[in-house]
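Colleague: One file: entry_32.cif (mmCIF, C-alpha atoms).
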```cif
data_entry
loop_
_atom_site.label_atom_id
_atom_site.label_comp_id
_atom_site.auth_asym_id
_atom_site.auth_seq_id
_atom_site.Cartn_x
_atom_site.Cartn_y
_atom_site.Cartn_z
CA MET A 1 109.77 113.46 67.88
CA ASP A 2 112.64 110.99 67.57
CA GLY A 3 112.70 107.65 69.37
CA LYS A 4 114.57 108.85 72.44
CA THR A 5 112.24 111.84 72.83
CA ILE A 6 109.16 109.61 72.60
CA SER A 7 110.60 107.25 75.19
CA LYS A 8 111.39 110.08 77.62
CA PHE A 9 107.95 111.58 77.07
CA CYS A 10 106.24 108.29 77.91
CA ILE A 11 108.29 107.86 81.07
CA GLY A 12 107.63 111.44 82.13
CA LEU A 13 103.90 111.10 81.48
CA ASN A 14 103.80 107.97 83.58
CA ILE A 15 105.57 109.69 86.48
CA VAL A 16 103.21 112.68 86.32
CA TRP A 17 100.19 110.39 86.29
CA LEU A 18 101.50 108.51 89.31
CA SER A 19 102.19 111.73 91.21
CA ILE A 20 98.68 113.03 90.63
CA GLY A 21 97.10 109.73 91.63
CA LEU A 22 99.19 109.31 94.75
CA LEU A 23 98.92 112.85 96.04
CA GLY A 24 95.26 113.19 95.30
CA ALA A 25 93.80 109.84 96.30
CA GLN A 26 95.82 108.44 99.22
CA GLN A 27 96.60 105.15 97.51
CA TYR A 28 99.26 102.56 98.25
CA ASP A 29 101.35 100.31 96.06
CA ALA A 30 100.31 96.68 96.57
CA ILE A 31 102.82 95.15 94.12
CA LYS A 32 105.94 93.50 95.52
CA ASN A 33 109.27 94.00 93.73
CA GLY A 34 107.75 96.20 91.02
CA GLY A 35 111.23 97.38 90.00
CA PHE A 36 112.56 93.80 89.64
CA GLU A 37 115.48 94.67 91.92
CA SER A 38 115.05 91.96 94.56
CA LEU A 39 116.37 88.44 93.97
CA ASN A 40 115.50 85.29 95.93
CA HIS A 41 117.98 82.78 97.37
CA THR A 42 118.42 81.12 93.95
CA GLY A 43 119.29 84.41 92.26
CA LYS A 44 115.96 84.67 90.42
CA ILE A 45 113.70 87.73 90.55
CA ALA A 46 111.47 87.48 93.61
CA ASN A 47 107.64 87.57 93.83
CA TRP A 48 106.89 87.28 90.08
CA HIS A 49 105.74 84.11 88.25
CA PRO A 50 106.60 83.66 84.54
CA GLY A 51 104.71 81.26 82.31
CA GLU A 52 103.06 80.47 78.97
CA TRP A 53 99.33 81.24 78.81
CA SER A 54 98.38 78.63 76.20
CA ARG A 55 100.30 75.91 78.07
CA LYS A 56 102.51 74.91 75.17
CA HIS A 57 105.16 74.00 77.75
CA TYR A 58 107.69 76.43 76.39
CA SER A 59 110.61 77.17 78.68
CA VAL A 60 109.86 80.70 79.90
CA THR A 61 112.40 82.60 81.97
CA LEU A 62 112.41 85.82 83.97
CA THR A 63 115.90 87.21 84.41
CA PRO A 64 117.45 90.55 85.45
CA ASP A 65 118.10 92.84 82.48
CA LYS A 66 120.83 95.31 83.37
CA LYS A 67 121.18 96.61 79.82
CA PHE A 68 117.70 98.10 79.53
CA LYS A 69 115.99 99.69 82.55
CA VAL A 70 113.79 102.64 83.47
CA GLU A 71 115.07 103.08 87.01
CA GLY A 72 117.23 101.22 89.48
CA LYS A 73 119.85 98.69 88.43
CA GLN A 74 117.76 96.48 86.16
CA SER A 75 114.44 95.55 84.64
CA GLY A 76 112.81 92.13 84.34
CA ARG A 77 113.30 90.26 81.06
CA VAL A 78 110.69 87.64 80.08
CA LYS A 79 111.98 85.37 77.35
CA THR A 80 111.29 82.11 75.51
CA SER A 81 112.57 80.39 72.38
CA GLY A 82 109.11 79.04 71.52
CA VAL A 83 107.23 79.84 68.31
CA ASN A 84 104.14 82.08 68.60
CA PRO A 85 104.21 82.10 72.40
CA ASN A 86 101.72 83.72 74.74
CA LEU A 87 103.98 84.79 77.56
CA VAL A 88 102.70 85.90 80.96
CA LEU A 89 104.24 87.37 84.06
CA TRP A 90 101.91 87.48 87.03
CA GLN A 91 101.52 88.29 90.71
CA ASP A 92 98.53 87.88 93.05
CA VAL A 93 97.34 90.67 95.33
CA ASN A 94 94.70 90.33 98.05
CA VAL A 95 92.16 93.08 97.35
CA GLY A 96 88.58 93.30 98.58
CA GLY A 97 85.41 94.39 96.83
CA ASN A 98 84.46 97.94 95.80
CA THR A 99 88.12 98.99 95.68
CA SER A 100 89.53 101.36 93.05
CA CYS A 101 92.76 100.02 91.53
CA LYS A 102 95.22 101.38 88.97
CA LEU A 103 97.97 99.33 87.34
CA THR A 104 100.80 101.19 85.61
CA LEU A 105 104.04 99.85 84.19
CA MET A 106 106.78 100.40 81.65
CA ALA A 107 107.35 97.79 78.92
CA LYS A 108 109.92 97.43 76.16
CA PRO A 109 108.86 94.63 73.80
CA ASP A 110 111.24 93.31 71.18
CA LYS A 111 110.57 94.44 67.64
CA ASN A 112 107.13 93.37 66.30
CA VAL A 113 106.06 92.03 69.69
CA ASN A 114 102.70 93.01 71.23
CA VAL A 115 102.39 93.57 74.96
CA LYS A 116 99.42 94.37 77.21
CA ALA A 117 98.39 94.32 80.87
CA GLU A 118 95.42 92.53 82.39
CA LEU A 119 93.63 92.46 85.75
CA ILE A 120 91.55 89.45 86.79
CA CYS A 121 89.31 89.64 89.87
CA TYR A 122 88.60 86.39 91.75
CA ASP A 123 85.97 85.55 94.36
CA LYS A 124 88.40 83.83 96.70
CA VAL A 125 92.06 83.17 97.43
CA GLY A 126 93.40 79.68 96.72
CA SER A 127 91.89 76.71 94.91
CA GLY A 128 88.34 76.73 93.57
CA LYS A 129 88.33 80.44 92.84
CA LYS A 130 86.13 81.87 90.09
CA ILE A 131 86.62 84.93 87.90
CA VAL A 132 84.20 87.76 88.72
CA LYS A 133 85.72 90.38 86.42
CA ARG A 134 88.45 90.63 83.81
CA LEU A 135 89.85 93.79 82.25
CA THR A 136 92.55 93.90 79.56
CA GLY A 137 94.38 97.08 78.68
CA GLU A 138 95.26 98.33 75.23
CA ALA A 139 98.14 96.50 73.53
CA VAL A 140 101.26 98.28 72.32
CA ASN A 141 103.67 97.17 69.61
CA SER A 142 106.98 98.97 69.92
CA ASP A 143 110.15 99.44 67.97
CA ASN A 144 112.42 98.66 70.92
CA LEU A 145 111.28 101.68 72.99
CA TRP A 146 109.92 101.89 76.52
CA TYR A 147 106.16 102.45 76.58
CA SER A 148 103.72 103.17 79.39
CA LEU A 149 100.72 100.88 79.96
CA ASN A 150 97.91 101.28 82.47
CA VAL A 151 94.66 99.57 83.44
CA SER A 152 92.11 100.88 85.96
CA LEU A 153 89.07 99.26 87.53
CA LYS A 154 86.82 99.16 90.55
CA THR A 155 86.54 95.65 91.92
CA PRO A 156 83.15 93.91 92.11
CA ALA A 157 81.74 93.50 95.61
CA THR A 158 82.62 89.79 95.77
CA THR A 159 86.30 90.26 94.94
CA LYS A 160 88.87 88.74 97.30
CA MET A 161 91.97 88.70 95.09
CA ILE A 162 93.33 90.25 91.89
CA ARG A 163 95.83 88.58 89.58
CA VAL A 164 98.02 91.21 87.92
CA ILE A 165 99.10 89.84 84.54
CA LEU A 166 101.60 91.21 82.03
CA ARG A 167 101.19 89.51 78.62
CA SER A 168 103.11 89.42 75.36
CA ASN A 169 103.52 87.30 72.24
CA GLY A 170 107.30 87.46 72.40
CA ASN A 171 110.28 88.56 74.42
CA VAL A 172 109.85 91.72 76.48
CA SER A 173 111.40 93.71 79.34
CA PHE A 174 109.26 95.18 82.15
CA ASP A 175 110.06 97.80 84.77
CA LYS A 176 108.43 100.14 87.28
CA VAL A 177 105.27 98.10 87.83
CA VAL A 178 102.96 99.89 90.29
CA PHE A 179 99.54 98.63 91.41
CA LEU A 180 97.79 101.43 93.28
CA VAL A 181 94.97 100.33 95.55
CA ASP A 182 92.53 102.94 96.79
CA GLY A 183 93.09 103.33 100.53
CA ALA A 184 91.78 106.72 101.59
CA ARG A 185 91.78 105.44 105.16
CA LEU A 186 94.76 103.15 104.78
CA GLU A 187 97.75 104.01 106.93
CA PRO A 188 101.13 102.35 107.39
CA SER A 189 101.25 99.31 109.67
CA ASN A 190 104.78 98.22 108.76
CA ALA A 191 108.09 99.70 107.66
CA ARG A 192 107.57 98.91 103.96
CA GLN A 193 104.25 100.74 103.75
CA LEU A 194 105.65 103.66 105.74
CA LYS A 195 108.59 104.00 103.34
CA GLN A 196 106.23 103.98 100.34
CA LYS A 197 103.95 106.59 101.85
CA LYS A 198 106.76 108.89 102.92
CA ALA A 199 107.76 109.20 99.26
CA VAL A 200 104.34 110.44 98.14
CA ASN A 201 103.46 112.58 101.16
CA SER A 202 106.65 114.60 101.49
CA THR A 203 105.38 118.01 100.35
CA PHE A 204 102.69 120.61 100.99
CA ASP A 205 102.18 124.26 100.07
CA VAL A 206 104.53 125.94 102.56
CA ALA A 207 103.48 129.49 101.62
CA ALA A 208 99.77 128.75 102.01
CA ASP A 209 100.47 126.99 105.30
CA ALA A 210 102.30 130.07 106.59
CA GLN A 211 99.24 132.20 105.76
CA ARG A 212 97.05 129.73 107.64
CA LYS A 213 99.31 129.87 110.70
CA ALA A 214 99.37 133.68 110.65
CA LYS A 215 95.70 133.64 111.66
CA MET A 216 96.22 131.37 114.68
CA SER A 217 96.07 132.29 118.35
CA PRO A 218 99.21 131.75 120.49
CA GLN A 219 97.66 128.55 121.89
CA GLU A 220 96.91 127.21 118.42
CA LEU A 221 100.43 128.05 117.25
CA ALA A 222 101.91 126.22 120.23
CA TRP A 223 99.90 123.11 119.34
CA GLU A 224 100.86 123.44 115.67
CA LYS A 225 104.54 123.47 116.69
CA ILE A 226 104.06 120.27 118.68
CA LEU A 227 102.49 118.63 115.63
CA GLU A 228 105.33 119.81 113.39
CA GLU A 229 107.86 118.28 115.77
CA ASN A 230 106.07 114.98 116.26
CA LEU A 231 103.86 113.93 113.33
CA GLY A 232 106.81 112.92 111.17
CA SER A 233 107.46 112.87 107.43
CA TYR A 234 104.30 110.94 106.54
CA TYR A 235 101.58 112.28 108.82
CA LEU A 236 102.61 115.94 108.97
CA PRO A 237 102.12 116.60 105.21
CA VAL A 238 98.84 114.67 105.32
CA TYR A 239 97.65 116.86 108.20
CA LYS A 240 98.89 120.09 106.54
CA ARG A 241 97.20 119.38 103.22
CA ARG A 242 93.98 118.46 104.96
CA LYS A 243 93.93 121.76 106.82
CA LEU A 244 94.73 123.72 103.66
CA GLN A 245 91.68 122.07 102.11
CA GLY A 246 89.55 123.36 104.99
CA ARG A 247 88.90 119.87 106.36
CA ILE A 248 88.80 118.70 109.96
CA SER A 249 91.45 116.39 111.37
CA ALA A 250 91.92 114.13 114.38
CA TRP A 251 94.85 116.36 115.33
CA ASP A 252 92.93 119.64 115.26
CA PHE A 253 93.53 122.06 118.13
CA VAL A 254 90.93 121.49 120.87
CA LYS A 255 89.73 124.57 122.70
CA ASP A 256 88.70 123.22 126.08
CA ASN A 257 85.42 123.94 127.77
CA PRO A 258 86.63 124.33 131.40
CA GLU A 259 83.39 122.78 132.68
CA LEU A 260 84.02 119.49 130.88
CA PRO A 261 86.53 116.70 131.65
CA ARG A 262 89.70 116.37 129.55
CA VAL A 263 90.31 113.00 127.91
CA LEU A 264 93.39 111.90 125.95
CA LEU A 265 93.45 109.17 123.29
CA ILE A 266 96.77 107.36 122.80
CA GLY A 267 97.03 104.80 120.02
CA ASP A 268 98.07 104.02 116.45
CA SER A 269 96.27 104.63 113.15
CA ILE A 270 93.19 102.69 114.29
CA SER A 271 92.88 105.07 117.24
CA ARG A 272 93.52 108.08 115.00
CA ALA A 273 90.73 107.00 112.67
CA TYR A 274 88.09 106.60 115.38
CA THR A 275 89.05 109.92 117.02
CA LEU A 276 86.74 112.13 114.92
CA PRO A 277 83.58 109.99 115.20
CA THR A 278 84.25 109.57 118.94
CA ARG A 279 84.75 113.32 119.34
CA LYS A 280 81.44 113.88 117.58
CA ARG A 281 79.64 111.44 119.90
CA LEU A 282 81.12 113.11 122.98
CA SER A 283 80.51 116.69 121.86
CA GLY A 284 79.27 118.77 124.80
CA LYS A 285 80.28 116.03 127.25
CA VAL A 286 84.07 115.75 127.00
CA ASN A 287 87.09 117.71 125.74
CA LEU A 288 88.54 114.90 123.62
CA HIS A 289 92.21 115.26 122.64
CA ARG A 290 94.57 112.81 120.98
CA ALA A 291 98.33 112.36 121.18
CA PRO A 292 100.24 114.30 118.48
CA ALA A 293 101.41 111.17 116.66
CA ASN A 294 100.56 107.76 115.26
CA CYS A 295 101.72 106.30 118.56
CA GLY A 296 102.98 103.03 117.11
CA SER A 297 104.63 100.47 119.40
CA THR A 298 105.29 100.38 123.14
CA GLY A 299 108.90 101.26 122.35
CA THR A 300 107.79 104.52 120.75
CA GLY A 301 105.45 105.16 123.65
CA LEU A 302 108.24 104.86 126.20
CA LYS A 303 110.22 107.48 124.30
CA LYS A 304 107.37 109.90 123.62
CA LEU A 305 104.94 109.68 126.56
CA ASP A 306 106.11 112.92 128.16
CA VAL A 307 105.49 114.81 124.91
CA TRP A 308 102.07 113.23 124.42
CA LEU A 309 100.96 113.96 127.97
CA GLY A 310 102.08 117.60 127.83
CA ASP A 311 101.65 119.93 130.81
CA GLY A 312 97.87 119.84 131.20
CA HIS A 313 95.68 117.84 133.59
CA TRP A 314 93.95 114.74 132.25
CA ASP A 315 90.81 113.26 133.80
CA LEU A 316 91.04 110.04 131.76
CA ILE A 317 93.52 108.48 129.34
CA TYR A 318 92.21 105.88 126.88
CA PHE A 319 95.26 104.07 125.49
CA ASN A 320 96.40 101.16 123.30
CA PHE A 321 99.57 99.59 121.92
CA GLY A 322 99.30 96.37 119.94
CA ILE A 323 99.32 96.16 116.15
CA HIS A 324 102.82 97.60 115.96
CA ASN A 325 103.90 95.12 118.65
CA ARG A 326 102.71 92.03 116.77
CA ASN A 327 106.31 90.78 116.44
CA SER A 328 107.29 91.58 120.04
CA THR A 329 108.01 88.77 122.48
CA PRO A 330 105.38 88.33 125.21
CA LYS A 331 107.95 89.20 127.86
CA ILE A 332 109.04 92.48 126.25
CA TYR A 333 105.44 93.48 125.45
CA ALA A 334 104.32 92.92 129.05
CA GLN A 335 107.35 94.70 130.51
CA ASP A 336 106.85 97.72 128.23
CA LEU A 337 103.17 97.96 129.13
CA GLU A 338 104.02 97.99 132.83
CA LYS A 339 106.53 100.80 132.34
CA ILE A 340 103.96 102.80 130.35
CA ILE A 341 101.31 102.29 133.04
CA VAL A 342 103.66 103.48 135.78
CA ARG A 343 104.28 106.70 133.81
CA LEU A 344 100.59 107.24 132.98
CA LYS A 345 99.55 106.79 136.61
CA LYS A 346 101.83 109.68 137.60
CA SER A 347 99.51 111.95 135.61
CA GLY A 348 96.73 111.31 138.13
CA ALA A 349 94.30 110.39 135.34
CA LYS A 350 91.95 107.43 135.32
CA LEU A 351 93.20 104.84 132.81
CA VAL A 352 91.27 102.68 130.34
CA TRP A 353 93.01 100.10 128.14
CA ALA A 354 91.66 99.64 124.59
CA GLN A 355 92.08 96.14 123.18
CA SER A 356 93.83 95.79 119.82
CA THR A 357 91.52 95.18 116.85
CA PRO A 358 91.77 91.98 114.75
CA LEU A 359 93.95 91.45 111.67
CA SER A 360 93.15 89.34 108.62
CA GLY A 361 94.63 88.25 105.28
CA THR A 362 97.76 86.36 104.35
CA LYS A 363 100.40 88.89 105.40
CA TYR A 364 99.40 88.91 109.08
CA LYS A 365 99.81 86.03 111.50
CA GLN A 366 96.30 84.93 112.42
CA GLY A 367 95.46 85.16 116.09
CA SER A 368 98.35 87.50 116.88
CA MET A 369 96.06 90.15 118.35
CA LEU A 370 94.24 87.61 120.51
CA LYS A 371 97.56 86.63 122.06
CA LEU A 372 98.60 90.24 122.64
CA ASN A 373 95.21 91.10 124.09
CA SER A 374 95.52 88.18 126.48
CA ILE A 375 98.95 89.37 127.64
CA ALA A 376 97.70 92.95 128.01
CA LYS A 377 94.64 91.82 129.99
CA LYS A 378 96.85 90.18 132.63
CA VAL A 379 98.90 93.36 132.95
CA MET A 380 95.78 95.54 133.21
CA ASP A 381 94.27 93.24 135.86
CA LYS A 382 97.48 93.57 137.87
CA TYR A 383 97.03 97.36 137.96
CA ASN A 384 93.20 97.33 138.20
CA ILE A 385 92.78 99.05 134.84
CA PRO A 386 89.46 98.46 133.03
CA VAL A 387 89.54 97.05 129.49
CA SER A 388 87.51 98.37 126.56
CA ASP A 389 86.74 95.34 124.35
CA LEU A 390 87.44 96.83 120.92
CA TYR A 391 88.48 93.42 119.58
CA THR A 392 84.96 92.02 119.88
CA SER A 393 83.42 95.25 118.58
CA ALA A 394 85.66 95.27 115.49
CA ARG A 395 85.38 91.52 114.97
CA ALA A 396 81.62 91.87 114.59
CA ILE A 397 82.01 94.18 111.57
CA GLN A 398 85.33 92.88 110.22
CA ARG A 399 83.99 91.14 107.12
CA LYS A 400 81.80 94.07 106.17
CA PHE A 401 84.04 97.04 106.93
CA GLN A 402 87.69 95.95 107.12
CA ILE A 403 89.49 97.14 103.99
CA ALA A 404 91.88 95.25 101.71
CA ASP A 405 95.01 95.66 103.82
CA GLY A 406 93.57 93.38 106.51
CA CYS A 407 94.18 95.93 109.27
CA HIS A 408 92.21 99.17 108.83
CA TYR A 409 88.50 99.88 108.34
CA SER A 410 86.18 101.99 106.25
CA GLY A 411 84.65 105.18 107.63
CA GLU A 412 81.49 103.30 108.58
CA GLY A 413 83.62 100.75 110.39
CA TYR A 414 85.26 103.42 112.52
CA LYS A 415 81.87 104.93 113.31
CA HIS A 416 80.81 101.53 114.66
CA ILE A 417 83.97 101.16 116.76
CA SER A 418 83.59 104.71 118.12
CA LYS A 419 80.29 103.74 119.77
CA LEU A 420 82.10 101.55 122.30
CA VAL A 421 84.97 104.01 122.70
CA ALA A 422 82.58 106.84 123.59
CA LYS A 423 80.46 104.59 125.80
CA ASP A 424 83.44 103.40 127.83
CA ILE A 425 84.93 106.86 128.18
CA ILE A 426 81.71 108.12 129.74
CA LYS A 427 81.39 104.96 131.85
CA TYR A 428 84.84 105.16 133.38
CA LEU A 429 84.80 108.93 133.88
CA GLN A 430 82.15 108.41 136.55
#
```
Would you mind writing the file's structure down as structure tokens?
Modeller:
Amino acid sequence: MDGKTISKFCIGLNIVWLSIGLLGAQQYDAIKNGGFESLNHTGKIANWHPGEWSRKHYSVTLTPDKKFKVEGKQSGRVKTSGVNPNLVLWQDVNVGGNTSCKLTLMAKPDKNVNVKAELICYDKVGSGKKIVKRLTGEAVNSDNLWYSLNVSLKTPATTKMIRVILRSNGNVSFDKVVFLVDGARLEPSNARQLKQKKAVNSTFDVAADAQRKAKMSPQELAWEKILEENLGSYYLPVYKRRKLQGRISAWDFVKDNPELPRVLLIGDSISRAYTLPTRKRLSGKVNLHRAPANCGSTGTGLKKLDVWLGDGHWDLIYFNFGIHNRNSTPKIYAQDLEKIIVRLKKSGAKLVWAQSTPLSGTKYKQGSMLKLNSIAKKVMDKYNIPVSDLYTSARAIQRKFQIADGCHYSGEGYKHISKLVAKDIIKYLQ
């Protein structure tokens, strides 16, 4: 193969590898500005830190390189005029222990320059941190071609942060840096994550899905249509692929036992994740349904409540809005909750408010859920609606079971939370 063919092959192989990893493992990209497109207020590439590993005090720069790029408008060019330098480009990512991670990138070193990638796991964020694991990938020495590099590891249990490092002994251009963090239960909690996940969850086997639907009863088909109209471009393919794999889902059709009460769960991805363990705990006691969506913010709720409630009778509705309202003003949040309550009361169902679970890490404002829970409690007291204290329940297991994104939990974590959900549903059905 000639040089151009080799380069295209490497890029294509990298894309295929990414597609397999993303579609098969439900991972998310934790790197910021991996395409080197975003600039800060000074015109420099945002989020990345250039430097010289051996501290020879060379002047090291990171600048946009519009001449050579893999995708987008530019790549990132790391450059120095020093002799025998050890250049680094790095970014820190908060990642917890026992997490599978995969770093992939494209690099184009200058002639006779070696380049490699490295992952360093630390036991804490900030000063005084200690290395608990270090893994360096294989070096490449190119003849001015783009090459693919990757490093994979599972973090030690004590890990709190990973430093992603790109190293070279000379000038080099980087592009398409992706750091995939295993998040089988991770779901979008902001617009950036949602955009990333839409890109990797946009397809499913349409023909196989049609065969699956051909076996459904009219009632099941009606529910499937509601899901298709409301789950959206991220959750619908996730649901479809899960069903094609023969797996159960929080959004599965529920065939009611007419002798049991009907209960509806309304809430975001936290609620979605505790639906199955709660349904298991209430088997034979309750027909437990959930709204056909990741219900998101109060604003979404006000638009979609009629769809979520449907035409059936509900004995109890267990509901929450919070994490997606973390940037709402107290006034708007309280007003929206009141409007939602007025609509829910028209259903004739008993209502139970679920507190929002705690957030952690550097990307979330600490204490934000406590403030929202306090606002919500005043609204619920006004309407005599009981409160299910999920905040305290989740807080008790946060360090052990909250995953790296600082929002969601492991499967065991959701099992723990579901104990209180099931207990309060039974309690307030009486």
Colleague: Tell me, in Å to one decimal, how far CA of Val93 (chain A) is from CA of Arg77 (chain A).
Modeller: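 Going from CA of Val93 (chain A) over to CA of Arg77 (chain A) covers 21.4 Å.
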Colleague: For CA of Leu390 (chain A) and CA of Val125 (chain A), quote the distance in Å rounded to one decimal.
Modeller: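 Distance between the two atoms: 27.6 Å.
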Colleague: Counting only C-alpha atoms, which residues in region 134-172 of chain A sit no more than 12 Å from region 397-406 of chain A? For each one, give the nearest pair of atoms and the distance in Å, sorted by chain then residue number, as a Markdown table.
Modeller:
```
| residue | atom | partner | partner_atom | distance |
| --- | --- | --- | --- | --- |
| A:Thr155 | CA | A:Ala404 | CA | 11.2 |
| A:Ala157 | CA | A:Lys400 | CA | 10.6 |
| A:Thr158 | CA | A:Lys400 | CA | 11.3 |
| A:Thr159 | CA | A:Ala404 | CA | 10.1 |
| A:Lys160 | CA | A:Ala404 | CA | 8.4 |
| A:Met161 | CA | A:Ala404 | CA | 9.3 |
| A:Ile162 | CA | A:Ala404 | CA | 11.1 |
```
Colleague: Do you know which residues the PyMOL selection byres ((chain A and resi 259-268) around 6) returns on this file, as a ChimeraX atom specification?
Modeller: /A:257-258,269-271,286-291,294-296,314-320
Colleague: Taking the file as shown, what set of residues would the PyMOL selection byres ((chain A and resi 412) around 10) give back, as a list in words?
Modeller: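 Applied to this file, the PyMOL selection byres ((chain A and resi 412) around 10) selects Pro277, Ile397, Lys400, Phe401, Gln402, Tyr409, Ser410, Gly411, Gly413, Tyr414, Lys415, His416, Ile417 and Ser418 of chain A.
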Colleague: Could you jot down the CA of Asn373 (chain A) to CA of His408 (chain A) separation for me, Å, one decimal place?
Modeller: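 CA of Asn373 (chain A) sits 17.5 Å away from CA of His408 (chain A).
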Colleague: Evaluate the PyMOL selection byres ((chain A and resi 389) around 10) against this structure - the residues, as JSON, numbers by chain, please.
Modeller: {"A": [353, 354, 355, 356, 357, 373, 386, 387, 388, 390, 391, 392, 393, 394, 417, 420, 421, 424]}
Colleague: Extract, using all atoms listed in the file, all DNA, RNA and protein residues at most 7 Å from Trp48 (chain A), discarding same-chain residues fewer than 3 positions from it, and format them as a list in words.
Modeller: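 Listing them by chain and then by number gives Ile45, Leu89, Trp90 and Gln91 of chain A.
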Colleague: Measuring atom to atom with all atoms listed in the file, identify which of A:Lys213, A:Lys79, A:Lys44, A:Lys346 is nearest to Asn169 (chain A).
Modeller: A:Lys79
Colleague: Given only C-alpha atoms as the basis, pick out the residue of A:Pro156, A:Pro218, A:Gly170, A:Gly322 nearest to Asn84 (chain A).
Modeller: A:Gly170
Colleague: Show which residues sit within 10 Å of Val151 (chain A), as a PDB file with C-alpha atoms, in the coordinates of the input. Count only C-alpha atoms, and ignore same-chain residues fewer than 3 positions away.
Modeller:
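Everything below was put into result-v6.pdb:
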```
ATOM      1  CA  CYS A 101      92.760 100.020  91.530  1.00  0.00           C
ATOM      2  CA  LYS A 102      95.220 101.380  88.970  1.00  0.00           C
ATOM      3  CA  LEU A 103      97.970  99.330  87.340  1.00  0.00           C
ATOM      4  CA  THR A 104     100.800 101.190  85.610  1.00  0.00           C
ATOM      5  CA  LEU A 105     104.040  99.850  84.190  1.00  0.00           C
ATOM      6  CA  LYS A 116      99.420  94.370  77.210  1.00  0.00           C
ATOM      7  CA  ALA A 117      98.390  94.320  80.870  1.00  0.00           C
ATOM      8  CA  GLU A 118      95.420  92.530  82.390  1.00  0.00           C
ATOM      9  CA  LEU A 119      93.630  92.460  85.750  1.00  0.00           C
ATOM     10  CA  LEU A 135      89.850  93.790  82.250  1.00  0.00           C
ATOM     11  CA  THR A 136      92.550  93.900  79.560  1.00  0.00           C
ATOM     12  CA  GLY A 137      94.380  97.080  78.680  1.00  0.00           C
ATOM     13  CA  GLU A 138      95.260  98.330  75.230  1.00  0.00           C
ATOM     14  CA  PHE A 179      99.540  98.630  91.410  1.00  0.00           C
TER      15      PHE A 179
END
```
Colleague: Considering all atoms listed in the file, can you say which of A:Pro109, A:Lys255, A:Leu166, A:Asp175 comes closest to Gly72 (chain A)?
Modeller: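 Between A:Pro109, A:Lys255, A:Leu166, A:Asp175, the residue approaching Gly72 (chain A) most closely is A:Asp175.
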Colleague: Quick one: everything within 12 Å of Val113 (chain A), counting all atoms listed in the file, minus sequence neighbours fewer than 3 positions away in the same chain. Send it as a PyMOL selection string.
Modeller: chain A and resi 79+84-87+107-110+116+139-145+167-173
Colleague: Determine, counting all atoms listed in the file, which protein, DNA and RNA residues have an atom within 10 Å of an atom of Gly299 (chain A); residues of the same chain fewer than 6 positions away are not included. Present the result as JSON, numbers by chain.
Modeller: {"A": [321, 324, 325, 332, 333, 336, 337, 340]}
